[in-house]
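Student: Supplied structure: input.txt, compact mmCIF, C-alpha atoms and all ligand atoms.
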# COMPACT_ATOMS: atom_id res chain seq x y z
CA MET A 622 -69.97 -27.92 108.50
CA SER A 623 -68.55 -25.99 111.47
CA ASN A 624 -70.90 -23.56 113.22
CA ASN A 625 -67.97 -21.45 114.42
CA THR A 626 -67.03 -18.41 112.34
CA ASP A 627 -64.89 -16.67 114.93
CA ASP A 628 -61.07 -16.80 115.22
CA VAL A 629 -60.95 -19.84 112.98
CA ARG A 630 -57.26 -19.30 112.23
CA ILE A 631 -56.11 -18.40 115.75
CA GLY A 632 -54.23 -21.40 117.16
CA SER A 633 -53.61 -20.10 120.67
CA ALA A 634 -53.46 -16.97 122.77
CA ARG A 635 -51.29 -15.82 125.67
CA PRO A 636 -51.64 -12.85 128.00
CA LEU A 637 -49.71 -9.69 127.09
CA ILE A 638 -48.28 -7.52 129.85
CA THR A 639 -49.35 -3.91 129.88
CA PRO A 640 -47.00 -0.98 129.20
CA TRP A 641 -47.71 0.20 132.76
CA VAL A 642 -46.56 -3.06 134.34
CA LEU A 643 -43.37 -3.02 132.28
CA ALA A 644 -42.62 0.63 133.12
CA ASP A 645 -43.23 -0.16 136.79
CA GLU A 646 -40.64 -2.95 136.62
CA LEU A 647 -38.18 -0.87 134.60
CA PRO A 648 -38.88 2.80 135.33
CA ILE A 649 -37.13 5.46 133.31
CA SER A 650 -34.40 7.20 135.33
CA GLU A 651 -33.53 10.89 135.45
CA ARG A 652 -30.32 10.21 133.55
CA ALA A 653 -32.25 8.36 130.83
CA VAL A 654 -34.80 11.18 130.51
CA ALA A 655 -31.93 13.64 130.04
CA THR A 656 -30.30 11.45 127.36
CA VAL A 657 -33.51 10.83 125.43
CA ASP A 658 -34.61 14.43 125.58
CA SER A 659 -31.28 15.89 124.56
CA GLY A 660 -31.07 13.25 121.79
CA ARG A 661 -34.42 14.28 120.37
CA ARG A 662 -33.61 18.00 120.55
CA SER A 663 -30.14 17.53 119.03
CA ILE A 664 -31.53 15.46 116.13
CA GLU A 665 -34.25 18.02 115.48
CA ARG A 666 -31.69 20.82 115.46
CA ILE A 667 -29.36 18.92 113.15
CA MET A 668 -32.14 18.04 110.73
CA SER A 669 -33.31 21.63 110.62
CA ALA A 670 -29.71 22.80 110.01
CA LYS A 671 -29.56 24.71 113.29
CA ASP A 672 -26.73 22.45 114.47
CA PRO A 673 -23.90 21.99 111.94
CA ARG A 674 -23.03 18.47 113.07
CA LEU A 675 -23.89 15.32 111.13
CA LEU A 676 -26.27 12.79 112.67
CA VAL A 677 -24.65 9.34 112.55
CA ILE A 678 -26.91 6.41 113.39
CA ALA A 679 -24.84 3.24 113.65
CA GLY A 680 -25.35 -0.18 115.12
CA PRO A 681 -26.35 -3.74 114.31
CA CYS A 682 -29.05 -4.56 111.80
CA SER A 683 -30.92 -6.11 114.73
CA VAL A 684 -30.33 -6.70 118.44
CA HIS A 685 -30.24 -10.41 119.21
CA ASP A 686 -27.80 -10.34 122.12
CA PRO A 687 -28.15 -7.33 124.47
CA GLU A 688 -24.67 -7.88 125.93
CA ALA A 689 -23.02 -7.65 122.49
CA LEU A 690 -25.11 -4.57 121.66
CA LEU A 691 -23.91 -2.86 124.83
CA GLU A 692 -20.30 -3.74 124.05
CA PHE A 693 -20.78 -2.26 120.58
CA ALA A 694 -22.38 0.83 122.16
CA ARG A 695 -19.34 1.40 124.39
CA GLY A 696 -16.96 1.11 121.43
CA PHE A 697 -19.10 3.40 119.27
CA GLN A 698 -19.36 5.98 122.03
CA LEU A 699 -15.61 5.90 122.62
CA ALA A 700 -14.85 6.26 118.90
CA CYS A 701 -17.19 9.25 118.65
CA ALA A 702 -15.93 11.01 121.77
CA GLU A 703 -13.16 12.84 119.94
CA LEU A 704 -15.39 13.61 116.95
CA ASP A 705 -18.20 15.26 118.87
CA ASP A 706 -17.64 18.69 117.34
CA ALA A 707 -18.58 17.18 113.95
CA ILE A 708 -20.82 14.16 114.43
CA TYR A 709 -23.71 13.40 116.74
CA PRO A 710 -23.79 9.65 117.44
CA VAL A 711 -27.02 7.73 117.85
CA LEU A 712 -27.07 3.98 118.42
CA ARG A 713 -29.14 1.81 116.08
CA VAL A 714 -31.20 -0.36 118.45
CA TYR A 715 -33.57 -2.34 116.24
CA PHE A 716 -35.87 -4.88 117.86
CA GLU A 717 -38.44 -5.46 115.13
CA LYS A 718 -37.49 -6.84 111.72
CA PRO A 719 -39.94 -6.52 108.83
CA ARG A 720 -39.19 -9.63 106.76
CA THR A 721 -39.55 -9.85 103.00
CA VAL A 722 -41.23 -13.23 103.42
CA MET A 723 -40.33 -15.09 106.61
CA GLY A 724 -37.48 -15.20 109.11
CA TRP A 725 -36.68 -14.24 112.68
CA LYS A 726 -38.72 -11.11 113.41
CA GLY A 727 -36.53 -9.67 116.11
CA LEU A 728 -35.85 -9.71 119.83
CA ILE A 729 -39.34 -8.68 120.89
CA ASN A 730 -41.10 -11.29 118.80
CA ASP A 731 -38.73 -14.15 119.64
CA PRO A 732 -36.22 -13.20 122.34
CA ASP A 733 -34.96 -16.75 122.86
CA LEU A 734 -34.19 -17.04 119.11
CA ASP A 735 -35.75 -20.48 118.99
CA GLY A 736 -39.33 -20.05 117.84
CA SER A 737 -40.71 -19.90 121.38
CA PHE A 738 -42.09 -16.34 120.84
CA HIS A 739 -41.93 -15.13 124.45
CA ILE A 740 -43.09 -11.64 123.54
CA ASN A 741 -43.48 -10.44 127.14
CA ARG A 742 -39.84 -11.36 127.76
CA GLY A 743 -38.92 -9.66 124.48
CA LEU A 744 -40.59 -6.43 125.55
CA HIS A 745 -38.81 -6.63 128.89
CA LEU A 746 -35.42 -7.14 127.25
CA ALA A 747 -36.04 -4.35 124.74
CA ARG A 748 -36.93 -1.83 127.42
CA LYS A 749 -33.97 -2.89 129.55
CA VAL A 750 -31.52 -2.51 126.64
CA LEU A 751 -32.84 0.96 125.80
CA LEU A 752 -32.62 1.94 129.45
CA ASP A 753 -29.01 0.70 129.67
CA VAL A 754 -28.05 2.61 126.52
CA ALA A 755 -29.72 5.80 127.75
CA GLU A 756 -27.93 5.42 131.10
CA MET A 757 -24.67 5.48 129.12
CA GLY A 758 -25.66 8.89 127.79
CA LEU A 759 -26.10 7.56 124.25
CA ALA A 760 -29.29 8.28 122.28
CA SER A 761 -31.08 5.41 120.51
CA ALA A 762 -32.81 5.00 117.15
CA SER A 763 -35.34 2.23 116.54
CA GLU A 764 -37.82 1.14 113.90
CA PHE A 765 -41.50 1.07 114.89
CA LEU A 766 -43.15 -1.85 113.14
CA ASP A 767 -45.90 -3.07 115.45
CA THR A 768 -48.21 -0.13 115.99
CA THR A 769 -48.75 -0.75 119.72
CA PHE A 770 -45.31 -1.88 120.97
CA GLY A 771 -44.11 1.72 121.09
CA GLN A 772 -46.26 2.23 124.18
CA TYR A 773 -43.86 -0.12 125.99
CA TYR A 774 -40.60 1.68 125.25
CA ALA A 775 -40.91 4.76 122.98
CA GLU A 776 -40.14 7.04 125.91
CA LEU A 777 -36.56 5.71 125.67
CA VAL A 778 -36.10 6.34 121.94
CA SER A 779 -34.68 9.55 120.46
CA PHE A 780 -35.17 8.76 116.76
CA GLY A 781 -37.89 6.58 115.24
CA ALA A 782 -37.88 4.98 111.81
CA ILE A 783 -40.67 3.81 109.56
CA GLY A 784 -39.24 1.21 107.21
CA ALA A 785 -39.38 0.76 103.45
CA ARG A 786 -42.02 -1.97 103.74
CA THR A 787 -44.44 0.06 105.84
CA VAL A 788 -43.89 3.62 104.65
CA GLU A 789 -47.08 3.52 102.55
CA SER A 790 -49.15 2.09 105.37
CA GLN A 791 -51.74 4.43 106.82
CA ILE A 792 -51.51 2.95 110.29
CA HIS A 793 -47.75 3.59 110.39
CA ARG A 794 -48.27 7.18 109.31
CA GLU A 795 -50.85 7.56 112.09
CA LEU A 796 -48.42 6.03 114.54
CA ALA A 797 -45.62 8.41 113.43
CA SER A 798 -47.95 11.38 113.80
CA GLY A 799 -48.17 10.61 117.51
CA LEU A 800 -44.60 9.56 118.27
CA SER A 801 -42.73 11.83 120.68
CA MET A 802 -39.46 11.82 118.75
CA PRO A 803 -38.30 12.84 115.25
CA VAL A 804 -39.07 10.10 112.73
CA GLY A 805 -37.26 9.04 109.55
CA PHE A 806 -39.25 7.55 106.67
CA LYS A 807 -37.44 5.21 104.29
CA ASN A 808 -38.09 5.37 100.57
CA GLY A 809 -40.04 2.34 99.32
CA THR A 810 -38.28 -0.98 98.65
CA ASN A 811 -38.44 -0.24 94.91
CA GLY A 812 -36.59 3.05 95.50
CA GLU A 813 -39.55 5.39 95.12
CA ILE A 814 -39.17 8.47 97.32
CA GLY A 815 -42.64 9.92 96.68
CA VAL A 816 -44.23 7.51 99.16
CA ALA A 817 -41.87 8.65 101.91
CA ILE A 818 -42.60 12.31 101.19
CA ASP A 819 -46.33 11.51 101.30
CA ALA A 820 -45.73 9.79 104.65
CA ILE A 821 -43.88 12.80 106.08
CA ARG A 822 -46.77 15.03 105.02
CA SER A 823 -49.41 12.67 106.37
CA ALA A 824 -47.64 12.22 109.72
CA SER A 825 -47.38 15.97 110.18
CA HIS A 826 -51.17 16.07 110.59
CA SER A 827 -53.36 15.10 113.50
CA HIS A 828 -54.98 11.64 113.25
CA TRP A 829 -57.46 9.62 115.28
CA PHE A 830 -56.56 5.93 115.54
CA PRO A 831 -56.98 2.91 117.82
CA SER A 832 -54.16 2.01 120.18
CA LEU A 833 -53.52 0.94 123.77
CA THR A 834 -53.37 3.07 126.88
CA LYS A 835 -50.48 2.46 129.26
CA GLU A 836 -52.91 0.43 131.36
CA GLY A 837 -53.54 -1.80 128.36
CA THR A 838 -57.05 -0.63 127.61
CA PRO A 839 -58.03 -0.24 123.97
CA ALA A 840 -58.38 3.46 123.25
CA ILE A 841 -58.90 5.85 120.40
CA LEU A 842 -55.98 8.26 120.47
CA GLN A 843 -55.76 11.64 118.82
CA SER A 844 -52.26 12.61 117.74
CA THR A 845 -51.20 16.22 117.39
CA GLY A 846 -49.06 15.55 114.29
CA ASN A 847 -45.28 15.20 114.05
CA ALA A 848 -43.51 18.15 112.45
CA HIS A 849 -40.19 16.30 112.61
CA GLY A 850 -40.49 13.77 109.79
CA TYR A 851 -37.47 13.22 107.54
CA LEU A 852 -36.60 11.30 104.41
CA ILE A 853 -34.16 8.39 104.57
CA LEU A 854 -32.66 7.33 101.23
CA ARG A 855 -31.99 3.57 101.30
CA GLY A 856 -31.83 2.68 97.58
CA GLY A 857 -34.29 0.32 95.94
CA SER A 858 -34.86 -2.67 93.73
CA GLN A 859 -35.95 -0.68 90.68
CA THR A 860 -33.97 2.54 91.02
CA GLY A 861 -30.78 1.00 92.40
CA PRO A 862 -28.76 2.99 94.93
CA ASN A 863 -29.84 6.57 95.61
CA TYR A 864 -26.89 7.98 97.53
CA GLY A 865 -25.10 9.55 94.53
CA PRO A 866 -25.02 13.31 93.85
CA GLU A 867 -27.88 13.30 91.31
CA ALA A 868 -30.18 11.19 93.47
CA VAL A 869 -29.47 13.25 96.60
CA GLN A 870 -30.04 16.52 94.75
CA ALA A 871 -33.27 15.18 93.19
CA ALA A 872 -34.51 14.14 96.64
CA ALA A 873 -33.66 17.58 98.08
CA VAL A 874 -35.60 19.23 95.26
CA ALA A 875 -38.56 16.88 95.76
CA LEU A 876 -38.64 17.77 99.47
CA ALA A 877 -38.51 21.49 98.72
CA ASP A 878 -41.26 21.08 96.10
CA ALA A 879 -43.40 19.49 98.81
CA GLN A 880 -42.72 22.54 101.05
CA LEU A 881 -40.55 20.40 103.34
CA THR A 882 -37.09 21.19 104.69
CA PRO A 883 -34.59 19.78 102.20
CA SER A 884 -32.75 17.75 104.84
CA LEU A 885 -32.27 14.03 104.53
CA ILE A 886 -30.50 11.00 105.93
CA VAL A 887 -28.70 8.45 103.78
CA ASP A 888 -28.80 4.80 104.82
CA CYS A 889 -25.49 3.38 103.59
CA SER A 890 -26.84 -0.17 103.84
CA HIS A 891 -29.84 -2.02 102.35
CA GLY A 892 -30.51 -0.99 98.72
CA ASN A 893 -27.55 1.41 98.83
CA SER A 894 -25.03 -1.35 99.42
CA ALA A 895 -26.79 -4.32 97.82
CA LYS A 896 -26.49 -5.70 101.38
CA ASP A 897 -22.70 -6.02 100.95
CA PRO A 898 -21.42 -4.40 104.15
CA ARG A 899 -18.11 -3.29 102.64
CA LYS A 900 -19.96 -1.22 100.06
CA GLN A 901 -21.12 1.02 102.91
CA ALA A 902 -17.61 2.53 102.77
CA GLN A 903 -18.17 3.55 99.13
CA VAL A 904 -21.40 5.24 100.13
CA VAL A 905 -19.62 7.12 102.92
CA SER A 906 -16.91 8.30 100.51
CA SER A 907 -19.50 9.62 98.07
CA LEU A 908 -21.39 11.41 100.87
CA CYS A 909 -18.18 13.01 102.15
CA GLU A 910 -17.37 14.25 98.67
CA GLN A 911 -20.87 15.63 98.25
CA MET A 912 -20.74 17.41 101.60
CA GLN A 913 -17.36 18.88 100.80
CA THR A 914 -18.59 20.16 97.45
CA GLY A 915 -21.51 22.00 98.96
CA GLN A 916 -24.41 19.54 99.29
CA ARG A 917 -26.15 20.73 102.46
CA ALA A 918 -29.14 18.40 102.27
CA ILE A 919 -27.18 15.48 103.78
CA ARG A 920 -27.79 15.92 107.50
CA GLY A 921 -27.56 12.30 108.60
CA VAL A 922 -26.02 8.93 107.80
CA MET A 923 -27.05 5.44 108.86
CA LEU A 924 -24.59 2.54 109.09
CA GLU A 925 -25.18 -1.12 109.86
CA SER A 926 -22.28 -2.13 112.04
CA HIS A 927 -21.61 -4.72 114.74
CA LEU A 928 -18.63 -5.96 116.71
CA LEU A 929 -17.74 -8.39 113.90
CA GLU A 930 -18.17 -8.12 110.15
CA GLY A 931 -20.77 -10.06 108.19
CA ASN A 932 -23.65 -12.14 109.39
CA GLN A 933 -24.41 -15.71 110.41
CA PRO A 934 -27.38 -18.03 110.05
CA LEU A 935 -29.55 -18.00 113.15
CA GLY A 936 -30.30 -21.74 113.01
CA ASP A 937 -31.89 -22.84 116.26
CA GLY A 938 -30.31 -19.90 118.10
CA THR A 939 -27.48 -21.92 119.63
CA GLY A 940 -23.74 -21.86 118.90
CA LEU A 941 -23.79 -18.30 117.59
CA VAL A 942 -20.59 -16.31 117.18
CA TYR A 943 -20.62 -13.44 119.70
CA GLY A 944 -21.04 -9.98 118.17
CA ARG A 945 -22.05 -11.00 114.63
CA SER A 946 -25.39 -10.08 113.06
CA VAL A 947 -28.09 -12.71 112.58
CA THR A 948 -29.95 -10.56 110.05
CA ASP A 949 -28.28 -8.33 107.42
CA ALA A 950 -24.49 -8.40 107.14
CA CYS A 951 -22.80 -5.55 109.01
CA LEU A 952 -19.48 -3.75 108.96
CA SER A 953 -17.18 -4.54 111.88
CA LEU A 954 -16.76 -1.88 114.55
CA GLU A 955 -13.06 -1.82 113.65
CA ASP A 956 -13.86 -0.94 110.03
CA THR A 957 -16.51 1.55 111.11
CA VAL A 958 -14.18 3.76 113.14
CA PRO A 959 -12.26 5.11 110.09
CA LEU A 960 -15.59 5.85 108.40
CA LEU A 961 -16.68 7.91 111.41
CA GLN A 962 -13.39 9.81 111.22
CA GLN A 963 -13.84 10.34 107.49
CA LEU A 964 -17.35 11.69 108.02
CA ALA A 965 -16.16 13.99 110.80
CA ALA A 966 -13.35 15.34 108.58
CA ALA A 967 -15.84 16.06 105.79
CA VAL A 968 -18.18 17.87 108.18
CA ARG A 969 -15.32 19.98 109.57
CA MET A 970 -14.29 20.92 106.05
CA GLN A 971 -17.89 21.71 105.08
CA ASN A 972 -18.32 23.96 108.11
CA GLN A 973 -15.02 25.86 107.74
O1 LIG A 1001 -32.93 -4.83 107.69
C1 LIG A 1001 -33.18 -6.00 107.61
C2 LIG A 1001 -33.68 -6.64 106.41
O2 LIG A 1001 -33.18 -6.02 105.27
C3 LIG A 1001 -35.17 -6.63 106.36
O3 LIG A 1001 -35.67 -6.96 107.62
C4 LIG A 1001 -35.63 -7.63 105.32
O4 LIG A 1001 -34.99 -8.81 105.52
P1 LIG A 1001 -35.24 -10.10 104.64
O5 LIG A 1001 -35.33 -9.68 103.20
O6 LIG A 1001 -34.01 -10.93 104.92
O7 LIG A 1001 -36.48 -10.74 105.12
C1 LIG A 1002 -35.48 -3.08 107.54
C2 LIG A 1002 -34.69 -2.03 107.48
O1 LIG A 1002 -34.55 -1.18 106.47
P1 LIG A 1002 -35.48 -1.00 105.21
O2 LIG A 1002 -36.84 -0.70 105.73
O3 LIG A 1002 -34.83 0.13 104.51
O4 LIG A 1002 -35.42 -2.27 104.43
C3 LIG A 1002 -33.78 -1.69 108.60
O5 LIG A 1002 -33.24 -0.58 108.63
O6 LIG A 1002 -33.61 -2.55 109.44
Show the structure stored in the file as structure tokens.
Ligand SMILES: O=C[C@H](O)[C@H](O)COP(=O)(O)O
Ligand SMILES: C=C(OP(=O)(O)O)C(=O)O
Tutor:
Amino acid sequence: MSNNTDDVRIGSARPLITPWVLADELPISERAVATVDSGRRSIERIMSAKDPRLLVIAGPCSVHDPEALLEFARGFQLACAELDDAIYPVLRVYFEKPRTVMGWKGLINDPDLDGSFHINRGLHLARKVLLDVAEMGLASASEFLDTTFGQYYAELVSFGAIGARTVESQIHRELASGLSMPVGFKNGTNGEIGVAIDAIRSASHSHWFPSLTKEGTPAILQSTGNAHGYLILRGGSQTGPNYGPEAVQAAAVALADAQLTPSLIVDCSHGNSAKDPRKQAQVVSSLCEQMQTGQRAIRGVMLESHLLEGNQPLGDGTGLVYGRSVTDACLSLEDTVPLLQQLAAAVRMQNQ
């Protein structure tokens, strides 16, 4: 019988850099501060219906190749330039993938895509990508999955998301209560929206929870509460899609019943598209029709889009096609542009 009861299932350990060291290597610039701050304020104004534009969060399911992400960002920014009276573009920059069972868990966890798990390098790449995007003047949205990684890069994020798999988790609600940006909460994977509304309410309060200081010291932080929590409808395994007029109206009523602003975002992908990227276009059409016929609760839309359509198996991380997703299948940028135009036209009509 072993006389060791400690860490019996820990195979190895490596040092983790501190947020301070990373920020010293990649300091935020004045231009990035301006982008992030104006992104946060614009999103808050849109979600509270003080800005008539539509928030459009678009980008790859996950970032696996920073160069391809930046190329997508340039194309997205260009496509949105002439639509900026109607839509406010935010780039989807997702580094952490919550897997149903197993799979590649994103650029931070495994930046070399080969099971080598160089997390320090992943954090470095993630911060650099966010910095590059902010320098372009484009705001970023990202999911917070690990409850401490935000300390390494949250200052560069304008919109945070808590995903369908973690929306019921107390530690994610605590995290969201202390995040500096507006946060979207997905409905649960089964389609239930009550858990997301509970999360918005919970995150609006102050919490005490363990985390890391920038210097890497364990600390008990007290959050002040986040008044900018919003519902994201993403469909679900039991309810099916929830982007249609009845589901959107029911969600708006549920928000109002909970004394929350009846403003929401619809994720055109995931359970709303059965992960078929082309179905995102059907979701967009329905949302445009709803907006044009008076539905004011739809304040934002999320699209999964990359340079090329579809996805590809990651394999050992070699021989990948440039610009194609290695997680969920995405729309191509080419097919996304007409959807952006369609959304902008609907917003203009709604605001006439
Ligand atoms: O958004 C990405 C995926 O839908 C999510 O990470 C779950 O992926 P999986 O079911 O392929 O593990
Ligand atoms: C994992 C994601 O979504 P969901 O939590 O809705 O499954 C995602 O947006 O990448």
Student: Return as JSON lines the residues of chain A lying at most 10 Å from ligand LIG 1002 (chain A), together with the closest atom-to-atom pair for each and the distance in Å to one decimal, counting only C-alpha atoms and all ligand atoms, with rows in chain order and ascending residue number.
Tutor:
{"residue": "A:Pro681", "atom": "CA", "partner": "A:LIG1002", "partner_atom": "O6", "distance": 8.8}
{"residue": "A:Cys682", "atom": "CA", "partner": "A:LIG1002", "partner_atom": "O6", "distance": 5.5}
{"residue": "A:Ser683", "atom": "CA", "partner": "A:LIG1002", "partner_atom": "O6", "distance": 6.9}
{"residue": "A:Arg713", "atom": "CA", "partner": "A:LIG1002", "partner_atom": "O5", "distance": 8.8}
{"residue": "A:Val714", "atom": "CA", "partner": "A:LIG1002", "partner_atom": "O6", "distance": 9.6}
{"residue": "A:Tyr715", "atom": "CA", "partner": "A:LIG1002", "partner_atom": "O6", "distance": 6.8}
{"residue": "A:Phe716", "atom": "CA", "partner": "A:LIG1002", "partner_atom": "O6", "distance": 9.0}
{"residue": "A:Glu717", "atom": "CA", "partner": "A:LIG1002", "partner_atom": "O6", "distance": 8.0}
{"residue": "A:Lys718", "atom": "CA", "partner": "A:LIG1002", "partner_atom": "C1", "distance": 6.0}
{"residue": "A:Pro719", "atom": "CA", "partner": "A:LIG1002", "partner_atom": "C1", "distance": 5.8}
{"residue": "A:Arg720", "atom": "CA", "partner": "A:LIG1002", "partner_atom": "C1", "distance": 7.6}
{"residue": "A:Thr721", "atom": "CA", "partner": "A:LIG1002", "partner_atom": "O4", "distance": 8.7}
{"residue": "A:Ser763", "atom": "CA", "partner": "A:LIG1002", "partner_atom": "O5", "distance": 8.7}
{"residue": "A:Glu764", "atom": "CA", "partner": "A:LIG1002", "partner_atom": "O6", "distance": 7.2}
{"residue": "A:Leu766", "atom": "CA", "partner": "A:LIG1002", "partner_atom": "C1", "distance": 9.6}
{"residue": "A:Ala782", "atom": "CA", "partner": "A:LIG1002", "partner_atom": "O5", "distance": 7.9}
{"residue": "A:Ile783", "atom": "CA", "partner": "A:LIG1002", "partner_atom": "O2", "distance": 7.0}
{"residue": "A:Gly784", "atom": "CA", "partner": "A:LIG1002", "partner_atom": "O2", "distance": 3.4}
{"residue": "A:Ala785", "atom": "CA", "partner": "A:LIG1002", "partner_atom": "O2", "distance": 3.7}
{"residue": "A:Arg786", "atom": "CA", "partner": "A:LIG1002", "partner_atom": "O2", "distance": 5.7}
{"residue": "A:Thr787", "atom": "CA", "partner": "A:LIG1002", "partner_atom": "O2", "distance": 7.6}
{"residue": "A:Val788", "atom": "CA", "partner": "A:LIG1002", "partner_atom": "O2", "distance": 8.3}
{"residue": "A:Phe806", "atom": "CA", "partner": "A:LIG1002", "partner_atom": "O2", "distance": 8.6}
{"residue": "A:Lys807", "atom": "CA", "partner": "A:LIG1002", "partner_atom": "O3", "distance": 5.7}
{"residue": "A:Asn808", "atom": "CA", "partner": "A:LIG1002", "partner_atom": "O3", "distance": 7.3}
{"residue": "A:Gly809", "atom": "CA", "partner": "A:LIG1002", "partner_atom": "O3", "distance": 7.7}
{"residue": "A:Thr810", "atom": "CA", "partner": "A:LIG1002", "partner_atom": "O4", "distance": 6.6}
{"residue": "A:Gly812", "atom": "CA", "partner": "A:LIG1002", "partner_atom": "O3", "distance": 9.6}
{"residue": "A:Ile853", "atom": "CA", "partner": "A:LIG1002", "partner_atom": "O3", "distance": 8.3}
{"residue": "A:Leu854", "atom": "CA", "partner": "A:LIG1002", "partner_atom": "O3", "distance": 8.2}
{"residue": "A:Arg855", "atom": "CA", "partner": "A:LIG1002", "partner_atom": "O3", "distance": 5.5}
{"residue": "A:Gly856", "atom": "CA", "partner": "A:LIG1002", "partner_atom": "O3", "distance": 8.0}
{"residue": "A:Gly857", "atom": "CA", "partner": "A:LIG1002", "partner_atom": "O3", "distance": 8.6}
{"residue": "A:Asp888", "atom": "CA", "partner": "A:LIG1002", "partner_atom": "O3", "distance": 7.6}
{"residue": "A:Cys889", "atom": "CA", "partner": "A:LIG1002", "partner_atom": "O3", "distance": 9.9}
{"residue": "A:Ser890", "atom": "CA", "partner": "A:LIG1002", "partner_atom": "O5", "distance": 8.0}
{"residue": "A:His891", "atom": "CA", "partner": "A:LIG1002", "partner_atom": "O3", "distance": 5.8}
{"residue": "A:Gly892", "atom": "CA", "partner": "A:LIG1002", "partner_atom": "O3", "distance": 7.3}
{"residue": "A:Asn893", "atom": "CA", "partner": "A:LIG1002", "partner_atom": "O3", "distance": 9.3}
{"residue": "A:Met923", "atom": "CA", "partner": "A:LIG1002", "partner_atom": "O5", "distance": 8.6}
{"residue": "A:Leu924", "atom": "CA", "partner": "A:LIG1002", "partner_atom": "O5", "distance": 9.2}
{"residue": "A:Glu925", "atom": "CA", "partner": "A:LIG1002", "partner_atom": "O5", "distance": 8.2}
{"residue": "A:Thr948", "atom": "CA", "partner": "A:LIG1002", "partner_atom": "O6", "distance": 8.8}
{"residue": "A:Asp949", "atom": "CA", "partner": "A:LIG1002", "partner_atom": "O6", "distance": 8.1}
Student: Those residues you just picked out, can you put them in a file as a short mmCIF file (atom, residue, chain, number, x, y, z; two decimals), in the coordinates of the input with C-alpha atoms?
Tutor:
data_model
loop_
_atom_site.label_atom_id
_atom_site.label_comp_id
_atom_site.auth_asym_id
_atom_site.auth_seq_id
_atom_site.Cartn_x
_atom_site.Cartn_y
_atom_site.Cartn_z
CA PRO A 681 -26.35 -3.74 114.31
CA CYS A 682 -29.05 -4.56 111.80
CA SER A 683 -30.92 -6.11 114.73
CA ARG A 713 -29.14 1.81 116.08
CA VAL A 714 -31.20 -0.36 118.45
CA TYR A 715 -33.57 -2.34 116.24
CA PHE A 716 -35.87 -4.88 117.86
CA GLU A 717 -38.44 -5.46 115.13
CA LYS A 718 -37.49 -6.84 111.72
CA PRO A 719 -39.94 -6.52 108.83
CA ARG A 720 -39.19 -9.63 106.76
CA THR A 721 -39.55 -9.85 103.00
CA SER A 763 -35.34 2.23 116.54
CA GLU A 764 -37.82 1.14 113.90
CA LEU A 766 -43.15 -1.85 113.14
CA ALA A 782 -37.88 4.98 111.81
CA ILE A 783 -40.67 3.81 109.56
CA GLY A 784 -39.24 1.21 107.21
CA ALA A 785 -39.38 0.76 103.45
CA ARG A 786 -42.02 -1.97 103.74
CA THR A 787 -44.44 0.06 105.84
CA VAL A 788 -43.89 3.62 104.65
CA PHE A 806 -39.25 7.55 106.67
CA LYS A 807 -37.44 5.21 104.29
CA ASN A 808 -38.09 5.37 100.57
CA GLY A 809 -40.04 2.34 99.32
CA THR A 810 -38.28 -0.98 98.65
CA GLY A 812 -36.59 3.05 95.50
CA ILE A 853 -34.16 8.39 104.57
CA LEU A 854 -32.66 7.33 101.23
CA ARG A 855 -31.99 3.57 101.30
CA GLY A 856 -31.83 2.68 97.58
CA GLY A 857 -34.29 0.32 95.94
CA ASP A 888 -28.80 4.80 104.82
CA CYS A 889 -25.49 3.38 103.59
CA SER A 890 -26.84 -0.17 103.84
CA HIS A 891 -29.84 -2.02 102.35
CA GLY A 892 -30.51 -0.99 98.72
CA ASN A 893 -27.55 1.41 98.83
CA MET A 923 -27.05 5.44 108.86
CA LEU A 924 -24.59 2.54 109.09
CA GLU A 925 -25.18 -1.12 109.86
CA THR A 948 -29.95 -10.56 110.05
CA ASP A 949 -28.28 -8.33 107.42
#
Student: Compile the contact shell of Phe830 in chain A as a list in words: residues with an atom at most 8 Å away, counting all atoms listed in the file, same-chain residues fewer than 5 positions apart removed.
Tutor: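 Once the adjacent positions are removed, what remains is Ile792, Glu795, Ile841, Leu842 and Gln843 of chain A.
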Student: Would you please work out which residue, of A:Gln880, A:Ser659, A:Thr639, A:Ser946, is nearest to ligand LIG 1001 (chain A) when using only C-alpha atoms and all ligand atoms?
Tutor: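 Nearest candidate to ligand LIG 1001 (chain A) out of A:Gln880, A:Ser659, A:Thr639, A:Ser946: A:Ser946.
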Student: Identify, on the basis of all atoms listed in the file, every residue whose closest approach to Thr656 in chain A does not exceed 9 Å; exclude the query and any residue fewer than 3 positions from it along the same chain; express the result as a list of chain:residue names.
Tutor: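 Neighbouring residues, sequence-local ones excluded: A:Glu651, A:Arg652, A:Ala653, A:Ser659, A:Gly660, A:Arg661, A:Ala755, A:Glu756, A:Met757, A:Gly758, A:Leu759, A:Ala760, A:Leu777, A:Ser779.
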Student: Find the residue from A:Ala918, A:Asn625, A:Ile729, A:Met912 that sits nearest to Asp686 in chain A; use only C-alpha atoms when measuring.
Tutor: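 Looking only at the distances to Asp686 in chain A, the closest residue turns out to be A:Ile729.
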Student: If we count all atoms listed in the file and set the cut-off at 12 Å, which residues sit around Ser906 in chain A, ignoring sequence neighbours fewer than 2 positions away in its own chain? Please answer as a count of residues only.
Tutor: 26
Student: Mind pulling up the distance from CA of Gly938 in chain A to CA of Gly736 in chain A?
Tutor: 9.0 Å
Student: Check the smallest atom-to-atom distance from each of A:Asn863, A:Asn624, A:Ser926, A:Thr834 to ligand LIG 1001 (chain A) using only C-alpha atoms and all ligand atoms, then report the winner.
Tutor: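 Checking each candidate against ligand LIG 1001 (chain A), we get A:Ser926 as the closest.
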Student: Quote the spacing between CA of Pro648 in chain A and CA of Arg794 in chain A in Å to one decimal place.
Tutor: 28.0 Å
